[in-house]
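Written below as structure tokens is the structure these notes are about.
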Protein chains: 2
Amino acid sequence: MQVNELLTDKTTEEAAWTALERSIIYYQGRPVGTLAAYDVTTEALNYDQCFIRDFVSAALIFLIKGRTDIVRNFLEETLKLQPKERQLDAYKPGRGLIPASFKVISNNGEEYLEADFGEHAIARVTPVDSCLWWIILLRAYVIATKDFSLAYQPEFQNGIRLIMEICLANRFDMYPTLLVPDGACMIDRRMGIYGHPLELQVLFYAALRAAREMLICQGNQDIVAAIDNRLPLLCGHIRQHYWIDINRLNAIYRFKSEEYGKTAVNLFNIYVDSLPYYELDKWLPRKGGYLAGNVGPSQLDTRFFTLGNLMAVISDLATEEQSQAIMTLIEERWDDLVGDMPMKICFPALEDEEYRIVTGCDPKNIPWSYHNAGSWPVLMWMLAAASVKTKRTNLAAEAIGIAQARLGEDEWPEYYDGKKGRLIGKQARKYQTWSITGYLLAKELMANPSYLRLVSFDELPPEAVSRACEFEIRSVDPYIA
Amino acid sequence: MQVNELLTDKTTEEAAWTALERSIIYYQGRPVGTLAAYDVTTEALNYDQCFIRDFVSAALIFLIKGRTDIVRNFLEETLKLQPKERQLDAYKPGRGLIPASFKVISNNGEEYLEADFGEHAIARVTPVDSCLWWIILLRAYVIATKDFSLAYQPEFQNGIRLIMEICLANRFDMYPTLLVPDGACMIDRRMGIYGHPLELQVLFYAALRAAREMLICQGNQDIVAAIDNRLPLLCGHIRQHYWIDINRLNAIYRFKSEEYGKTAVNLFNIYVDSLPYYELDKWLPRKGGYLAGNVGPSQLDTRFFTLGNLMAVISDLATEEQSQAIMTLIEERWDDLVGDMPMKICFPALEDEEYRIVTGCDPKNIPWSYHNAGSWPVLMWMLAAASVKTKRTNLAAEAIGIAQARLGEDEWPEYYDGKKGRLIGKQARKYQTWSITGYLLAKELMANPSYLRLVSFDELPPEAVSRACEFEIRSVDPYIA
């Protein structure tokens, strides 16, 4: 590395810290979160709020830097926003939900927090991921501070319990996965991620594991038993039914369809003509693989979704072998998935008729833009964490190098567009907080791999795995061995 | 009518009764249901089972003909199949569900019933409609027999309560509608009816009303309060957000998009380019209208779905004005919706790329076949009931005349294909029970309109409607006045 490059990095990093500092939201004199973006050049809309999912990377950075008070305040205040009573009114948020975002409102000198559970959001999308991230973050706080007492407080125990209750509620479908409406996570617009999309299943898995660590068994036996039952089933289900590599594609390619009865091999009745098998035949590296974006009746979404795949590596939802295969795929398809800005939110883009039909003609999600295969710097921290976990740190190092050459100069855009990510996002805000923190956090994780434990999990204990029910156990077996 | 036509009708009807009789399933000596089809020429697959949704029209016929024992036995036996305990195992049916179907199994001379909750079904689809139809049918039994005591039995009260609990469970989304996976109703294959499809919302509404009539308040105050709260919100939501006529289309056509905040007019952020507005401009009669197939984030499915629209008329979910408009649409678009066999399950078909993407290349649901705009005789009874309710009996009379000229001769196929319904369904079974009962029930409803009360509801009492929450009340108001 040259001296002037070193200087640029240092400047970039310093500028990032300054920008992060500026984004901190204060409530009644205490720091409680960060603005989504601090971009004075454009209308605030909802970018003046603190989004729960956006705050995650900032929170991890604050924990690493010993500024644990911000995270604690955030957890305490958002917990207060969680509805605690059963709501009769169907237009009100359900008991247990954590809002998508909140903002500080001043009224006659009095400050209060206003939460948004989707009722203000464009298209009224539901933030299912918020309550899952909240639990994951609470665990990170506990690990960073070694202060279990926060999680053991009755209010926090109740908060965790209520989230588990809404996630584990009596349901219509018979899968261990979570049924959600379209756009209920980071991709908060219609993108064909209704039903059982990967991102939410992975966050659900991580939240179940985090809740299991933190819940006091006494008084919560029912929830703990439900978690213990769900974890191995969910794990086996994702590892088996979502996995795609060339062997699996070969199996699917020759699936019979219209099988009736319990012995069906093609469980979801996937018609191979619905898959771009010819593209995948070319695209899948010999040793690479990934978890599919979505699985449902006659539906196998073969798009690669980055957040779900990386978090599956980090949370140990993917097997060790699958994790290595995911990293191999990223390495071998670097140009597609990283290109000139780490990293694509998904690949490939929905184009032509598929774009029209699946997104409902969303002008913000045109092909290779925004959620539809745009590039999002925030994903860099997950790439770093997954790289550390799989001991493939060369991948994250290279990605950080690419980002650092541009991010500061481009003033931390929310996202980039184009096949290689060389265009600053068409409607991207500048000084988007999670672009800043995604970069800073990636650097911290690389510099000190021990921080990985804030968000990662060890292997699911075999005794838990062995509880998988007989319905699937034969077919699940090879994946949980 | 000519003498030979009269004779044909008489013969058709007699043949129908004979075939219906033959389809009755006996269990431990008692009649408990009807086979899906009695077609000796083809493999049974799951057509040897009694499907809950298929049995509805048979049950109504039996009630009308005083053979109430079959219906009572059916209700008692299916109630026993309903899981009563909370299931920890995520692959087991949830508490409160009613199976999609059941069959009688003989083992060493002992008979027992085997239920299928979707775990045997092709693509493992979830039968959400079963528990809703079960409640609607229980109410029909009570009305027909004037025997409220069956519904008041503790087991039945518990059964209703459990169904209400699963339907009213704590949820992620903030709508009065029910979130379901794709293919969870009569259309039990992938057809873009995930999320909040019309059919299930209408059945949900009817089941809520039926449960409200039958639940003993004492001990069920929480459920009754939840129903009373949900009904007007659900009603207002469907009447407003699902309605399409030329005025509404004009409003949608000029919608702004990307509106943020509570004052958004385009609540679901529909992009007009995603709608076939040019086709609808031509297709919508001046005074006709209908309820859309599905509404979600940036999603307005403008297909006409027959079951949902007709049941909305019958259950009084549609306003009187909307009901008349739906019947006007059917009258004015007779060739499209009735053609040579009443009646299309939906219109128009998904074709080309849309077919490929939305159905996942389902070879059974190719355009103008089966669920994808095929014609289903069973829908005739709903057309008759809706015709009676709206005093437009000329429509049903004409439809019955068309059907009767062919159905018996064609040996009661399950469905017909083609744009006008002149092809016997490509994979249709013969002697499909609900084709037989759909025809017979339509005739009974026309001959004695008082039978309508078995399935219909009066106006939702205004005091219930007035409980709608303030979030939507202003916009809902005009539709519930």
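Note on naming: chains are A, B, ... as they come in the structure tokens, residues start from 1 per chain, ligands start from 1 in the order shown.
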
Considering only C-alpha atoms, give me a table of residues in chain A that are at most 6 Å from chain B, with the closest atom pair and distance in Å for each, as CSV.
residue,atom,partner,partner_atom,distance
A:Leu88,CA,B:Ala226,CA,5.5
A:Ala90,CA,B:Pro176,CA,4.9
A:Tyr91,CA,B:Met174,CA,4.8
A:Lys92,CA,B:Met174,CA,5.9
A:Pro93,CA,B:Met174,CA,5.8
A:Gly94,CA,B:Arg171,CA,5.7
A:His120,CA,B:Gly261,CA,4.1
A:Ala121,CA,B:Tyr260,CA,5.8
A:Ile122,CA,B:Tyr260,CA,5.1
A:Ala123,CA,B:Phe268,CA,4.0
A:Thr126,CA,B:Asp173,CA,5.5
A:Ile166,CA,B:Asn170,CA,5.9
A:Asn170,CA,B:Gly94,CA,5.7
A:Arg171,CA,B:Gly94,CA,5.7
A:Asp173,CA,B:Thr126,CA,5.5
A:Met174,CA,B:Tyr91,CA,4.8
A:Tyr175,CA,B:Tyr91,CA,5.3
A:Pro176,CA,B:Ala90,CA,4.9
A:Pro181,CA,B:Gly195,CA,5.9
A:Arg190,CA,B:Pro297,CA,5.9
A:Gly195,CA,B:Pro181,CA,5.9
A:Ala226,CA,B:Leu88,CA,5.5
A:Glu258,CA,B:Ile122,CA,5.9
A:Glu259,CA,B:Ile122,CA,5.9
A:Tyr260,CA,B:Ile122,CA,5.1
A:Gly261,CA,B:His120,CA,4.1
A:Lys262,CA,B:His120,CA,5.1
A:Leu267,CA,B:Ala123,CA,5.7
A:Phe268,CA,B:Ala123,CA,4.0
A:Asn269,CA,B:Ala123,CA,4.6
A:Ser274,CA,B:Gly360,CA,5.0
A:Pro297,CA,B:Ala123,CA,4.9
A:Ser298,CA,B:Gly360,CA,5.8
A:Gly360,CA,B:Ser274,CA,5.0
A:Cys361,CA,B:Ser274,CA,5.4

request  = Name the residues in contact with B:Ile402 at a cut-off of 8 Å, using only C-alpha atoms, excluding same-chain residues fewer than 6 positions from it; report them as a list of chain:residue names.
outcome  = B:Asp340, B:Met341, B:Pro342

What residues in stretch 336-463 of chain A get the DSSP label alpha helix (DSSP H)? Please answer as a PDB file with N, CA and C atoms, in the first residue's frame.
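The resulting result-v2.pdb:
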ATOM      1  N   ASP A 336     -20.053 -10.400 -10.648  1.00  0.00           N
ATOM      2  CA  ASP A 336     -21.515 -10.262 -10.560  1.00  0.00           C
ATOM      3  C   ASP A 336     -21.951  -9.767  -9.187  1.00  0.00           C
ATOM      4  N   LEU A 337     -21.322 -10.282  -8.142  1.00  0.00           N
ATOM      5  CA  LEU A 337     -21.842 -10.064  -6.790  1.00  0.00           C
ATOM      6  C   LEU A 337     -21.155  -8.908  -6.066  1.00  0.00           C
ATOM      7  N   ASP A 352     -37.474  -7.067 -17.741  1.00  0.00           N
ATOM      8  CA  ASP A 352     -38.569  -7.200 -18.710  1.00  0.00           C
ATOM      9  C   ASP A 352     -39.897  -7.550 -18.034  1.00  0.00           C
ATOM     10  N   GLU A 353     -40.557  -8.573 -18.572  1.00  0.00           N
ATOM     11  CA  GLU A 353     -41.869  -8.954 -18.054  1.00  0.00           C
ATOM     12  C   GLU A 353     -41.808  -9.377 -16.589  1.00  0.00           C
ATOM     13  N   GLU A 354     -40.724 -10.022 -16.227  1.00  0.00           N
ATOM     14  CA  GLU A 354     -40.586 -10.488 -14.850  1.00  0.00           C
ATOM     15  C   GLU A 354     -40.529  -9.287 -13.895  1.00  0.00           C
ATOM     16  N   TYR A 355     -39.800  -8.273 -14.296  1.00  0.00           N
ATOM     17  CA  TYR A 355     -39.759  -7.040 -13.500  1.00  0.00           C
ATOM     18  C   TYR A 355     -41.165  -6.454 -13.380  1.00  0.00           C
ATOM     19  N   ARG A 356     -41.850  -6.390 -14.503  1.00  0.00           N
ATOM     20  CA  ARG A 356     -43.183  -5.779 -14.537  1.00  0.00           C
ATOM     21  C   ARG A 356     -44.149  -6.532 -13.626  1.00  0.00           C
ATOM     22  N   ILE A 357     -44.121  -7.853 -13.740  1.00  0.00           N
ATOM     23  CA  ILE A 357     -45.107  -8.673 -13.033  1.00  0.00           C
ATOM     24  C   ILE A 357     -44.761  -8.814 -11.548  1.00  0.00           C
ATOM     25  N   VAL A 358     -43.496  -9.030 -11.261  1.00  0.00           N
ATOM     26  CA  VAL A 358     -43.137  -9.340  -9.870  1.00  0.00           C
ATOM     27  C   VAL A 358     -43.054  -8.090  -8.996  1.00  0.00           C
ATOM     28  N   THR A 359     -42.583  -6.966  -9.559  1.00  0.00           N
ATOM     29  CA  THR A 359     -42.488  -5.755  -8.734  1.00  0.00           C
ATOM     30  C   THR A 359     -43.724  -4.877  -8.867  1.00  0.00           C
ATOM     31  N   MET A 380     -21.457  -4.892   3.426  1.00  0.00           N
ATOM     32  CA  MET A 380     -20.036  -5.193   3.595  1.00  0.00           C
ATOM     33  C   MET A 380     -19.723  -5.781   4.966  1.00  0.00           C
ATOM     34  N   TRP A 381     -20.408  -5.310   6.006  1.00  0.00           N
ATOM     35  CA  TRP A 381     -20.082  -5.843   7.337  1.00  0.00           C
ATOM     36  C   TRP A 381     -20.470  -7.312   7.439  1.00  0.00           C
ATOM     37  N   MET A 382     -21.521  -7.701   6.757  1.00  0.00           N
ATOM     38  CA  MET A 382     -21.916  -9.111   6.797  1.00  0.00           C
ATOM     39  C   MET A 382     -20.937  -9.958   5.985  1.00  0.00           C
ATOM     40  N   LEU A 383     -20.457  -9.358   4.881  1.00  0.00           N
ATOM     41  CA  LEU A 383     -19.434 -10.058   4.104  1.00  0.00           C
ATOM     42  C   LEU A 383     -18.178 -10.250   4.951  1.00  0.00           C
ATOM     43  N   ALA A 384     -17.824  -9.218   5.706  1.00  0.00           N
ATOM     44  CA  ALA A 384     -16.640  -9.321   6.576  1.00  0.00           C
ATOM     45  C   ALA A 384     -16.866 -10.385   7.648  1.00  0.00           C
ATOM     46  N   ALA A 385     -18.021 -10.347   8.289  1.00  0.00           N
ATOM     47  CA  ALA A 385     -18.305 -11.319   9.354  1.00  0.00           C
ATOM     48  C   ALA A 385     -18.308 -12.745   8.806  1.00  0.00           C
ATOM     49  N   ALA A 386     -18.912 -12.932   7.643  1.00  0.00           N
ATOM     50  CA  ALA A 386     -18.949 -14.273   7.046  1.00  0.00           C
ATOM     51  C   ALA A 386     -17.549 -14.714   6.625  1.00  0.00           C
ATOM     52  N   SER A 387     -16.757 -13.756   6.161  1.00  0.00           N
ATOM     53  CA  SER A 387     -15.380 -14.063   5.768  1.00  0.00           C
ATOM     54  C   SER A 387     -14.565 -14.505   6.974  1.00  0.00           C
ATOM     55  N   VAL A 388     -14.752 -13.805   8.080  1.00  0.00           N
ATOM     56  CA  VAL A 388     -14.039 -14.169   9.305  1.00  0.00           C
ATOM     57  C   VAL A 388     -14.490 -15.556   9.752  1.00  0.00           C
ATOM     58  N   LYS A 389     -15.792 -15.771   9.728  1.00  0.00           N
ATOM     59  CA  LYS A 389     -16.313 -17.054  10.229  1.00  0.00           C
ATOM     60  C   LYS A 389     -15.790 -18.228   9.401  1.00  0.00           C
ATOM     61  N   THR A 393     -10.861 -14.412   4.818  1.00  0.00           N
ATOM     62  CA  THR A 393     -10.794 -12.962   5.014  1.00  0.00           C
ATOM     63  C   THR A 393     -10.246 -12.216   3.801  1.00  0.00           C
ATOM     64  N   ASN A 394      -9.563 -12.930   2.929  1.00  0.00           N
ATOM     65  CA  ASN A 394      -9.089 -12.263   1.714  1.00  0.00           C
ATOM     66  C   ASN A 394     -10.245 -11.648   0.925  1.00  0.00           C
ATOM     67  N   LEU A 395     -11.399 -12.319   0.976  1.00  0.00           N
ATOM     68  CA  LEU A 395     -12.555 -11.806   0.226  1.00  0.00           C
ATOM     69  C   LEU A 395     -13.013 -10.457   0.775  1.00  0.00           C
ATOM     70  N   ALA A 396     -13.187 -10.401   2.090  1.00  0.00           N
ATOM     71  CA  ALA A 396     -13.651  -9.138   2.683  1.00  0.00           C
ATOM     72  C   ALA A 396     -12.597  -8.049   2.521  1.00  0.00           C
ATOM     73  N   ALA A 397     -11.312  -8.428   2.680  1.00  0.00           N
ATOM     74  CA  ALA A 397     -10.242  -7.429   2.548  1.00  0.00           C
ATOM     75  C   ALA A 397     -10.296  -6.780   1.172  1.00  0.00           C
ATOM     76  N   GLU A 398     -10.494  -7.590   0.167  1.00  0.00           N
ATOM     77  CA  GLU A 398     -10.538  -7.054  -1.197  1.00  0.00           C
ATOM     78  C   GLU A 398     -11.771  -6.158  -1.377  1.00  0.00           C
ATOM     79  N   ALA A 399     -12.884  -6.603  -0.823  1.00  0.00           N
ATOM     80  CA  ALA A 399     -14.119  -5.820  -0.950  1.00  0.00           C
ATOM     81  C   ALA A 399     -13.973  -4.467  -0.260  1.00  0.00           C
ATOM     82  N   ILE A 400     -13.390  -4.471   0.914  1.00  0.00           N
ATOM     83  CA  ILE A 400     -13.213  -3.218   1.652  1.00  0.00           C
ATOM     84  C   ILE A 400     -12.311  -2.272   0.868  1.00  0.00           C
ATOM     85  N   GLY A 401     -11.282  -2.841   0.271  1.00  0.00           N
ATOM     86  CA  GLY A 401     -10.382  -2.036  -0.547  1.00  0.00           C
ATOM     87  C   GLY A 401     -11.125  -1.357  -1.693  1.00  0.00           C
ATOM     88  N   ILE A 402     -11.993  -2.089  -2.317  1.00  0.00           N
ATOM     89  CA  ILE A 402     -12.773  -1.528  -3.433  1.00  0.00           C
ATOM     90  C   ILE A 402     -13.677  -0.401  -2.938  1.00  0.00           C
ATOM     91  N   ALA A 403     -14.350  -0.652  -1.822  1.00  0.00           N
ATOM     92  CA  ALA A 403     -15.317   0.320  -1.313  1.00  0.00           C
ATOM     93  C   ALA A 403     -14.626   1.597  -0.862  1.00  0.00           C
ATOM     94  N   GLN A 404     -13.497   1.400  -0.205  1.00  0.00           N
ATOM     95  CA  GLN A 404     -12.855   2.529   0.444  1.00  0.00           C
ATOM     96  C   GLN A 404     -12.310   3.541  -0.565  1.00  0.00           C
ATOM     97  N   THR A 433     -26.489   6.520   6.906  1.00  0.00           N
ATOM     98  CA  THR A 433     -25.746   6.049   8.078  1.00  0.00           C
ATOM     99  C   THR A 433     -25.274   4.610   7.932  1.00  0.00           C
ATOM    100  N   TRP A 434     -26.129   3.731   7.429  1.00  0.00           N
ATOM    101  CA  TRP A 434     -25.670   2.343   7.405  1.00  0.00           C
ATOM    102  C   TRP A 434     -24.653   2.049   6.311  1.00  0.00           C
ATOM    103  N   SER A 435     -24.498   2.963   5.357  1.00  0.00           N
ATOM    104  CA  SER A 435     -23.368   2.820   4.435  1.00  0.00           C
ATOM    105  C   SER A 435     -22.070   3.122   5.174  1.00  0.00           C
ATOM    106  N   ILE A 436     -22.159   4.133   6.043  1.00  0.00           N
ATOM    107  CA  ILE A 436     -20.987   4.518   6.846  1.00  0.00           C
ATOM    108  C   ILE A 436     -20.634   3.399   7.825  1.00  0.00           C
ATOM    109  N   THR A 437     -21.628   2.939   8.552  1.00  0.00           N
ATOM    110  CA  THR A 437     -21.359   1.949   9.595  1.00  0.00           C
ATOM    111  C   THR A 437     -21.054   0.577   9.003  1.00  0.00           C
ATOM    112  N   GLY A 438     -21.611   0.279   7.865  1.00  0.00           N
ATOM    113  CA  GLY A 438     -21.301  -0.990   7.200  1.00  0.00           C
ATOM    114  C   GLY A 438     -19.823  -1.081   6.890  1.00  0.00           C
ATOM    115  N   TYR A 439     -19.275   0.046   6.440  1.00  0.00           N
ATOM    116  CA  TYR A 439     -17.850   0.115   6.120  1.00  0.00           C
ATOM    117  C   TYR A 439     -16.996   0.058   7.386  1.00  0.00           C
ATOM    118  N   LEU A 440     -17.359   0.889   8.374  1.00  0.00           N
ATOM    119  CA  LEU A 440     -16.574   0.928   9.617  1.00  0.00           C
ATOM    120  C   LEU A 440     -16.603  -0.421  10.327  1.00  0.00           C
ATOM    121  N   LEU A 441     -17.762  -1.025  10.372  1.00  0.00           N
ATOM    122  CA  LEU A 441     -17.910  -2.298  11.070  1.00  0.00           C
ATOM    123  C   LEU A 441     -17.117  -3.399  10.368  1.00  0.00           C
ATOM    124  N   ALA A 442     -17.138  -3.379   9.037  1.00  0.00           N
ATOM    125  CA  ALA A 442     -16.364  -4.369   8.286  1.00  0.00           C
ATOM    126  C   ALA A 442     -14.880  -4.252   8.665  1.00  0.00           C
ATOM    127  N   LYS A 443     -14.404  -3.012   8.747  1.00  0.00           N
ATOM    128  CA  LYS A 443     -12.986  -2.816   9.106  1.00  0.00           C
ATOM    129  C   LYS A 443     -12.701  -3.319  10.520  1.00  0.00           C
ATOM    130  N   GLU A 444     -13.597  -3.043  11.451  1.00  0.00           N
ATOM    131  CA  GLU A 444     -13.405  -3.485  12.839  1.00  0.00           C
ATOM    132  C   GLU A 444     -13.378  -5.004  12.928  1.00  0.00           C
ATOM    133  N   LEU A 445     -14.299  -5.643  12.212  1.00  0.00           N
ATOM    134  CA  LEU A 445     -14.375  -7.113  12.257  1.00  0.00           C
ATOM    135  C   LEU A 445     -13.102  -7.735  11.699  1.00  0.00           C
ATOM    136  N   MET A 446     -12.553  -7.093  10.673  1.00  0.00           N
ATOM    137  CA  MET A 446     -11.327  -7.608  10.074  1.00  0.00           C
ATOM    138  C   MET A 446     -10.134  -7.379  11.003  1.00  0.00           C
ATOM    139  N   ALA A 447     -10.144  -6.218  11.646  1.00  0.00           N
ATOM    140  CA  ALA A 447      -9.026  -5.888  12.529  1.00  0.00           C
ATOM    141  C   ALA A 447      -9.048  -6.731  13.786  1.00  0.00           C
ATOM    142  N   PRO A 462     -26.134 -31.009  18.970  1.00  0.00           N
ATOM    143  CA  PRO A 462     -26.721 -32.177  18.306  1.00  0.00           C
ATOM    144  C   PRO A 462     -27.971 -32.686  19.017  1.00  0.00           C
ATOM    145  N   GLU A 463     -28.022 -32.580  20.339  1.00  0.00           N
ATOM    146  CA  GLU A 463     -29.215 -33.087  21.028  1.00  0.00           C
ATOM    147  C   GLU A 463     -30.450 -32.294  20.587  1.00  0.00           C
TER     148      GLU A 463
END

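Taking atom CA of A:Asn365 and atom CA of A:Phe55 as the two end points, the separation is 23.2 Å.
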
key: Exercise: stretch 131-148 of chain B partners within 10 Å, only C-alpha atoms, chain neighbours under 5 positions left out, as a PyMOL selection string   = chain B and resi 52-57+59-60+62-66+68-69+71-72+74-76+78-79+82+96-100+153+156+159-160+162-164+166-167+200+202-211+213-214+451-456

Generate the output file for the selected residues, C-alpha atoms, as a PDB file, in the first residue's frame.
ATOM      1  CA  ILE B  52     -64.367 -30.272   3.022  1.00  0.00           C
ATOM      2  CA  ARG B  53     -64.762 -27.601   0.355  1.00  0.00           C
ATOM      3  CA  ASP B  54     -66.213 -30.085  -2.139  1.00  0.00           C
ATOM      4  CA  PHE B  55     -68.767 -31.352   0.353  1.00  0.00           C
ATOM      5  CA  VAL B  56     -70.331 -27.922   0.962  1.00  0.00           C
ATOM      6  CA  SER B  57     -72.770 -28.033  -1.947  1.00  0.00           C
ATOM      7  CA  ALA B  59     -74.282 -30.782   2.378  1.00  0.00           C
ATOM      8  CA  LEU B  60     -76.626 -27.959   1.425  1.00  0.00           C
ATOM      9  CA  PHE B  62     -78.811 -32.892   1.878  1.00  0.00           C
ATOM     10  CA  LEU B  63     -80.064 -30.232   4.314  1.00  0.00           C
ATOM     11  CA  ILE B  64     -82.672 -29.100   1.832  1.00  0.00           C
ATOM     12  CA  LYS B  65     -83.810 -32.673   1.258  1.00  0.00           C
ATOM     13  CA  GLY B  66     -84.090 -33.393   4.973  1.00  0.00           C
ATOM     14  CA  THR B  68     -79.614 -33.773   7.823  1.00  0.00           C
ATOM     15  CA  ASP B  69     -77.992 -36.815   9.449  1.00  0.00           C
ATOM     16  CA  VAL B  71     -74.347 -33.298   7.486  1.00  0.00           C
ATOM     17  CA  ARG B  72     -74.474 -33.773  11.227  1.00  0.00           C
ATOM     18  CA  PHE B  74     -69.839 -34.927   8.723  1.00  0.00           C
ATOM     19  CA  LEU B  75     -69.646 -32.011  11.162  1.00  0.00           C
ATOM     20  CA  GLU B  76     -69.121 -34.318  14.119  1.00  0.00           C
ATOM     21  CA  THR B  78     -64.481 -33.524  10.973  1.00  0.00           C
ATOM     22  CA  LEU B  79     -64.630 -31.786  14.340  1.00  0.00           C
ATOM     23  CA  GLN B  82     -59.440 -30.863  14.343  1.00  0.00           C
ATOM     24  CA  GLY B  96     -57.970 -25.286  15.223  1.00  0.00           C
ATOM     25  CA  LEU B  97     -57.379 -26.272  11.597  1.00  0.00           C
ATOM     26  CA  ILE B  98     -59.907 -28.432   9.802  1.00  0.00           C
ATOM     27  CA  PRO B  99     -58.326 -30.817   7.277  1.00  0.00           C
ATOM     28  CA  ALA B 100     -58.561 -30.350   3.523  1.00  0.00           C
ATOM     29  CA  GLN B 153     -72.566 -28.422  22.576  1.00  0.00           C
ATOM     30  CA  PHE B 156     -68.730 -27.505  18.967  1.00  0.00           C
ATOM     31  CA  GLY B 159     -64.269 -26.108  17.786  1.00  0.00           C
ATOM     32  CA  ILE B 160     -65.628 -22.726  16.702  1.00  0.00           C
ATOM     33  CA  LEU B 162     -60.308 -22.736  18.128  1.00  0.00           C
ATOM     34  CA  ILE B 163     -60.982 -21.762  14.520  1.00  0.00           C
ATOM     35  CA  MET B 164     -61.567 -18.177  15.558  1.00  0.00           C
ATOM     36  CA  ILE B 166     -56.225 -19.359  14.645  1.00  0.00           C
ATOM     37  CA  CYS B 167     -57.888 -16.791  12.359  1.00  0.00           C
ATOM     38  CA  LEU B 200     -60.274 -16.306   1.608  1.00  0.00           C
ATOM     39  CA  VAL B 202     -64.829 -13.384   1.822  1.00  0.00           C
ATOM     40  CA  LEU B 203     -64.990 -16.805   3.462  1.00  0.00           C
ATOM     41  CA  PHE B 204     -63.290 -15.300   6.516  1.00  0.00           C
ATOM     42  CA  TYR B 205     -65.982 -12.645   6.664  1.00  0.00           C
ATOM     43  CA  ALA B 206     -68.799 -15.214   6.363  1.00  0.00           C
ATOM     44  CA  ALA B 207     -67.167 -17.446   8.983  1.00  0.00           C
ATOM     45  CA  LEU B 208     -66.800 -14.509  11.381  1.00  0.00           C
ATOM     46  CA  ARG B 209     -70.473 -13.704  10.975  1.00  0.00           C
ATOM     47  CA  ALA B 210     -71.508 -17.334  11.381  1.00  0.00           C
ATOM     48  CA  ALA B 211     -69.316 -17.774  14.452  1.00  0.00           C
ATOM     49  CA  GLU B 213     -74.240 -16.012  15.614  1.00  0.00           C
ATOM     50  CA  MET B 214     -73.369 -19.336  17.188  1.00  0.00           C
ATOM     51  CA  TYR B 451     -83.227 -21.820   0.971  1.00  0.00           C
ATOM     52  CA  LEU B 452     -80.936 -18.867   0.364  1.00  0.00           C
ATOM     53  CA  ARG B 453     -81.003 -18.177   4.104  1.00  0.00           C
ATOM     54  CA  LEU B 454     -78.845 -21.288   4.652  1.00  0.00           C
ATOM     55  CA  VAL B 455     -75.834 -19.413   3.332  1.00  0.00           C
ATOM     56  CA  SER B 456     -76.722 -15.745   3.201  1.00  0.00           C
TER      57      SER B 456
END

request  = Could you tell me how far atom CA of A:Gly339 lies from atom CA of A:Phe305, in Å and to one decimal?
outcome  =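 Going from atom CA of A:Gly339 over to atom CA of A:Phe305, I get 15.6 Å.
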
task = Based on DSSP run over this structure's backbone, return all residues of stretch 231-448 of chain B in strand (DSSP E or B), as a PyMOL selection string.
result = chain B and resi 243-245+289-296+299-305+344+346-347+369+372+375+416-417+423-424+432

query = If we count only C-alpha atoms, what is near A:Glu414 at a cut-off of 8 Å, once residues fewer than 3 positions away on the same chain are taken out, given as number ranges by chain?
reply = A: 376-377, 425, 428-432, 434-435

inquiry  = Using Å and a single decimal, report how far atom CA of A:Thr390 sits from atom CA of A:Arg248.
reply    =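 Calculated distance between atom CA of A:Arg248 and atom CA of A:Thr390 is 22.2 Å.
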